[in-house]
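Read the structure below first, then the notes.
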2 protein chains.
Amino acid sequence: MRLHHQNQNMQLIDGRELANTIKEEIAVTVAAYVAEGNRPPHLAAVLVGADPASQVYVRNKVKSCEKVGFNSTLIEKGPETTESELLEIVDKLNKDPEIDGFIVQLPLPKHINEQKITLAIEPKKDVDGFHPTNFGRMAQGLPTYLPATPFGILQMLDRNNIDISGKECVVLGRSNIVGTPISILLSRKASPGNATVVLCHSRTKNVAEHCRRADVLIVALGIPEYVTADMVKEGAVVIDVGINRIDDASRKRGYRLAGDVKFDEVAPKCSFITPVPGGVGPMTVTALLMNTLKSCRKEVYD
Amino acid sequence: MRLHHQNQNMQLIDGRELANTIKEEIAVTVAAYVAEGNRPPHLAAVLVGADPASQVYVRNKVKSCEKVGFNSTLIEKGPETTESELLEIVDKLNKDPEIDGFIVQLPLPKHINEQKITLAIEPKKDVDGFHPTNFGRMAQGLPTYLPATPFGILQMLDRNNIDISGKECVVLGRSNIVGTPISILLSRKASPGNATVVLCHSRTKNVAEHCRRADVLIVALGIPEYVTADMVKEGAVVIDVGINRIDDASRKRGYRLAGDVKFDEVAPKCSFITPVPGGVGPMTVTALLMNTLKSCRKEVYD
């Protein structure tokens, strides 16, 4: 971490450390649960095709399961798998009483309709929280499986005792997996929650002005280093969801990773900020584990 | 209407007139649909108990069905109806192929769990748009049944050619039936939509300041005449969802109806404003008709 002129009060939110803490907590809970005579939570992951990034993600998820004492099943299928074959796999997993939850890793090969697959997953087992039923439950404040990134952000706020009630939260980006759900969650009557939320996106006219009013700024645009120091209020909390590759000839691999926030100049103004990498990213797998545990213990659905 | 110092450019959005226009359009569509040899759309309404306001609402809905050429069924049950009896009625309606959609009028007697009933309604037939599955589809931008009041507001904006893209929309109130869904809809990539939305509620600190920045102000708080002239920008669009009774000895019935906006002083500053009564209220039943028609024509679900 290269940090110049660092604000003495600035606190870095370490996503790796927090993710490990939460995983340890889950492992303790699972051990006690199994000691009571229960079968351990069981997550299945379906990977279609040979995308190397997807392979890494899925294997990380499976590895995390093992770490916390879950059972896990990895189903790998070739890129020629048809939509109806995948729907059959989903149907089998929906019905298998030994499986508490499962995910189908996205993106899928182009000949498969992702939305159709998402809708085919039984909401009860949708531990990614992508099914409209779970998304709607979230928006209505009912028990549900939270999607990974919003879950990670809530945990980061909560575990750092960042009180957002009555605060102005500006969210940049309105995607279905980050911006829209986190904007809904932060404004809900809950804790963390009760914030006044402003949802900005590509059509917003005066983004910088909105940002400068933000007590909490959540950035999920996918535009490298979009947020600069002049856009951030002194003492703001900044959560950077972006993870972008920037060409960098000085690095052996030819690029460096950057968030949507110009970290070096923004960090000194913040009370809290997440780094990239090592911020929100590592937190996402914990959501999956939490949701699978919830499913196993029937905390969302009977 | 008593309007003093009226802004020459101010336009009143007449909800009664617009609702009638939409109903006439639906009637034309239904007539053509039936002329093609199809059965007319069929809405059922379930009323439990003897609440006089609910009786009026439900009968209005049934009457509106007749007006546009729908079939309708009214199921009235006494206040002693049990939850399991009501669940049985819901189950029957879910399975009845002659019924395209149905509503269970709220509120229900206290011994019946409203949430349980809402969740028991087959999403395909949930023409109130209250089921989490339909709510989630709305939030994710999928085809769905929009809840009544948000639907009415969108129609009012659309039919008056009020372009909200890139505009600042401030929503006061975060209820599940108005504030939360309309805040989601207005920020979606759609038309009407693409607005920058600020969702304010009881915990928001500087409500008046937010309101003064609003190009479009949507008020759904249930606090009579909360929004005053000093809170509204010159030329703003104001949609008043509130409908409150205020004691008024000068009226024969002892009260007058007032919205959440102090109409007489706010109206002169607006480009568009909805009156109360006769604004958003009359629009809500059109949502129900539109949704039933959509269901009949399988435009949301196969």
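We label chains A, B, ... in the order they appear in the structure tokens, count residues from 1 in each chain, and number ligands from 1 in the order shown.
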
**Study point:** Residues of chain B within 8 Å of chain A, counting only C-alpha atoms, as an MDAnalysis selection string
**Key:** chainID B and resid 131:137 139:140 165:167 174 176 180 184 187:188 194:201 203:205

Written selection (C-alpha atoms) as a short mmCIF file (atom, residue, chain, number, x, y, z; two decimals), in the first residue's frame:
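Resulting contents of selection_28.cif:
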data_model
loop_
_atom_site.label_atom_id
_atom_site.label_comp_id
_atom_site.auth_asym_id
_atom_site.auth_seq_id
_atom_site.Cartn_x
_atom_site.Cartn_y
_atom_site.Cartn_z
CA HIS B 131 -45.92 -10.78 -3.93
CA PRO B 132 -42.11 -10.65 -3.45
CA THR B 133 -41.62 -12.41 -6.78
CA ASN B 134 -43.39 -9.65 -8.67
CA PHE B 135 -41.78 -6.96 -6.53
CA GLY B 136 -38.36 -8.45 -7.26
CA ARG B 137 -39.09 -8.67 -10.98
CA ALA B 139 -36.70 -4.13 -9.10
CA GLN B 140 -34.72 -6.22 -11.58
CA SER B 165 -34.56 11.28 -17.53
CA GLY B 166 -31.56 12.80 -15.75
CA LYS B 167 -33.88 14.78 -13.47
CA ARG B 174 -40.44 4.46 2.01
CA ASN B 176 -43.64 -1.05 0.51
CA THR B 180 -39.96 2.11 -2.07
CA ILE B 184 -36.91 1.90 -7.66
CA SER B 187 -34.26 5.19 -11.28
CA ARG B 188 -34.53 2.21 -13.62
CA ASN B 194 -33.53 7.24 -15.69
CA ALA B 195 -34.05 9.78 -12.93
CA THR B 196 -31.61 10.42 -10.11
CA VAL B 197 -33.68 9.37 -7.12
CA VAL B 198 -33.37 10.48 -3.52
CA LEU B 199 -35.46 8.45 -1.09
CA CYS B 200 -36.27 10.39 2.09
CA HIS B 201 -38.04 9.10 5.18
CA ARG B 203 -34.82 9.44 9.60
CA THR B 204 -33.77 11.89 6.90
CA LYS B 205 -32.21 14.97 8.42
#

**Study point:** Residue neighbourhood B:Arg16, 8 Å, only C-alpha atoms, exclusion window fewer than 2 positions, as a PyMOL selection string
**Key:** chain B and resi 14+18-20+278-279+282-283

What would the file look like if the residues just selected were written as a CSV table (one decimal), in the first residue's frame with C-alpha atoms?
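So again22.csv came out as:
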chain,number,residue,atom,x,y,z
B,14,ASP,CA,-56.6,15.3,-13.4
B,18,LEU,CA,-56.8,10.2,-17.0
B,19,ALA,CA,-58.3,7.1,-15.3
B,20,ASN,CA,-61.4,7.3,-17.5
B,278,GLY,CA,-59.0,13.5,-7.8
B,279,GLY,CA,-55.2,12.9,-8.4
B,282,PRO,CA,-58.6,7.4,-9.1
B,283,MET,CA,-55.6,6.0,-11.0

Point to revise | Of the listed residues B:Val300, B:Ala236, B:Ile164, B:Ala214, that which approaches B:Leu146 most closely, counting only C-alpha atoms | key: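 Checking each of B:Val300, B:Ala236, B:Ile164, B:Ala214 against B:Leu146, counting only C-alpha atoms, the winner is B:Val300.
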
Exercise for review: Find the residues near stretch 71-88 of chain B: any atom within 9 Å, counting only C-alpha atoms, skip ones fewer than 2 places away on the same chain, and give them as an MDAnalysis selection string.
Suggested key: chainID B and resid 39:50 58:59 62:63 65:66 69 90:93 99 102 108:109 111:113 116:117 120:121

Point to revise | Pick from B:Val127, B:Leu185, B:Val227, B:Leu221 nearest to B:Leu154, counting only C-alpha atoms | key: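 Among the listed residues, the smallest separation from B:Leu154 belongs to B:Leu185.
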
Close residues, A:Ile243 itself excluded, 9 Å, only C-alpha atoms, min 5 positions apart in chain, as an mmCIF file with C-alpha atoms, in the first residue's frame:
data_model
loop_
_atom_site.group_PDB
_atom_site.id
_atom_site.type_symbol
_atom_site.label_atom_id
_atom_site.label_comp_id
_atom_site.auth_asym_id
_atom_site.auth_seq_id
_atom_site.Cartn_x
_atom_site.Cartn_y
_atom_site.Cartn_z
ATOM 1 C CA GLY A 222 -16.642 -0.214 -13.305
ATOM 2 C CA ILE A 223 -14.801 2.953 -14.374
ATOM 3 C CA PRO A 224 -11.199 2.933 -13.118
ATOM 4 C CA LEU A 257 -5.604 -3.557 -10.397
ATOM 5 C CA ALA A 258 -7.455 -0.348 -9.630
ATOM 6 C CA GLY A 259 -10.815 0.422 -8.101
ATOM 7 C CA ASP A 260 -13.371 2.996 -9.213
ATOM 8 C CA VAL A 276 -8.707 -2.537 -4.133
ATOM 9 C CA PRO A 277 -7.783 -5.363 -4.122
ATOM 10 C CA GLY A 281 -13.880 -8.517 -3.112
#

Point to revise | Coordinates-based distance that separates atom CA of A:Asn60 from atom CA of A:Met290 (Å, one decimal) | key: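 Atom CA of A:Asn60 lies 15.4 Å from atom CA of A:Met290.
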
Exercise for review: DSSP on the backbone, then: every residue of stretch 32-225 of chain B marked helix (DSSP H, G or I), written as a count of residues only.
Suggested key: 79

Practice item. Enumerate, as a ChimeraX atom specification, the complete set of residues in stretch 43-177 of chain A that a backbone-based DSSP assignment places in strand (DSSP E or B). Key: /A:43-48,71-77,101-104,126,168-172

Go ahead and save the residues from that selection, with N, CA and C atoms, as a tab-separated table (two decimals), in the first residue's frame.
chain	number	residue	atom	x	y	z
A	43	LEU	N	-23.15	-26.98	0.08
A	43	LEU	CA	-23.26	-26.08	-1.08
A	43	LEU	C	-22.80	-26.80	-2.34
A	44	ALA	N	-23.57	-26.67	-3.41
A	44	ALA	CA	-23.13	-27.18	-4.71
A	44	ALA	C	-22.87	-26.00	-5.65
A	45	ALA	N	-21.88	-26.18	-6.51
A	45	ALA	CA	-21.56	-25.14	-7.49
A	45	ALA	C	-21.51	-25.78	-8.87
A	46	VAL	N	-22.15	-25.11	-9.83
A	46	VAL	CA	-22.18	-25.62	-11.20
A	46	VAL	C	-21.36	-24.68	-12.08
A	47	LEU	N	-20.39	-25.27	-12.78
A	47	LEU	CA	-19.55	-24.49	-13.68
A	47	LEU	C	-19.70	-25.04	-15.09
A	48	VAL	N	-20.11	-24.18	-16.02
A	48	VAL	CA	-20.26	-24.61	-17.41
A	48	VAL	C	-19.22	-23.89	-18.26
A	71	ASN	N	-20.05	-29.33	3.62
A	71	ASN	CA	-19.90	-30.22	2.48
A	71	ASN	C	-20.00	-29.38	1.21
A	72	SER	N	-19.31	-29.84	0.17
A	72	SER	CA	-19.46	-29.11	-1.09
A	72	SER	C	-19.42	-30.09	-2.26
A	73	THR	N	-20.07	-29.69	-3.33
A	73	THR	CA	-20.10	-30.49	-4.56
A	73	THR	C	-19.82	-29.56	-5.72
A	74	LEU	N	-18.86	-29.95	-6.54
A	74	LEU	CA	-18.55	-29.14	-7.72
A	74	LEU	C	-18.97	-29.92	-8.96
A	75	ILE	N	-19.85	-29.32	-9.75
A	75	ILE	CA	-20.30	-29.97	-10.98
A	75	ILE	C	-19.72	-29.19	-12.15
A	76	GLU	N	-18.77	-29.81	-12.87
A	76	GLU	CA	-18.15	-29.13	-14.00
A	76	GLU	C	-18.65	-29.73	-15.31
A	77	LYS	N	-19.10	-28.86	-16.21
A	77	LYS	CA	-19.64	-29.30	-17.49
A	77	LYS	C	-18.92	-28.58	-18.62
A	101	GLY	N	-28.05	-25.42	-0.75
A	101	GLY	CA	-28.06	-24.30	-1.69
A	101	GLY	C	-27.08	-24.57	-2.80
A	102	PHE	N	-27.29	-23.87	-3.92
A	102	PHE	CA	-26.33	-24.04	-5.01
A	102	PHE	C	-26.26	-22.78	-5.86
A	103	ILE	N	-25.15	-22.68	-6.57
A	103	ILE	CA	-24.97	-21.55	-7.47
A	103	ILE	C	-24.63	-22.08	-8.85
A	104	VAL	N	-25.05	-21.33	-9.86
A	104	VAL	CA	-24.61	-21.59	-11.22
A	104	VAL	C	-23.69	-20.42	-11.58
A	126	ASP	N	-31.51	-20.67	-3.61
A	126	ASP	CA	-30.83	-19.62	-4.37
A	126	ASP	C	-29.91	-18.80	-3.46
A	168	GLU	N	-26.36	10.68	4.71
A	168	GLU	CA	-26.59	10.73	3.27
A	168	GLU	C	-25.65	9.72	2.59
A	169	CYS	N	-26.23	8.72	1.95
A	169	CYS	CA	-25.45	7.70	1.24
A	169	CYS	C	-25.66	7.88	-0.25
A	170	VAL	N	-24.57	8.07	-0.96
A	170	VAL	CA	-24.66	8.19	-2.41
A	170	VAL	C	-24.11	6.92	-3.03
A	171	VAL	N	-24.92	6.29	-3.87
A	171	VAL	CA	-24.52	5.06	-4.55
A	171	VAL	C	-24.30	5.40	-6.02
A	172	LEU	N	-23.12	5.07	-6.55
A	172	LEU	CA	-22.85	5.29	-7.97
A	172	LEU	C	-22.96	3.96	-8.70
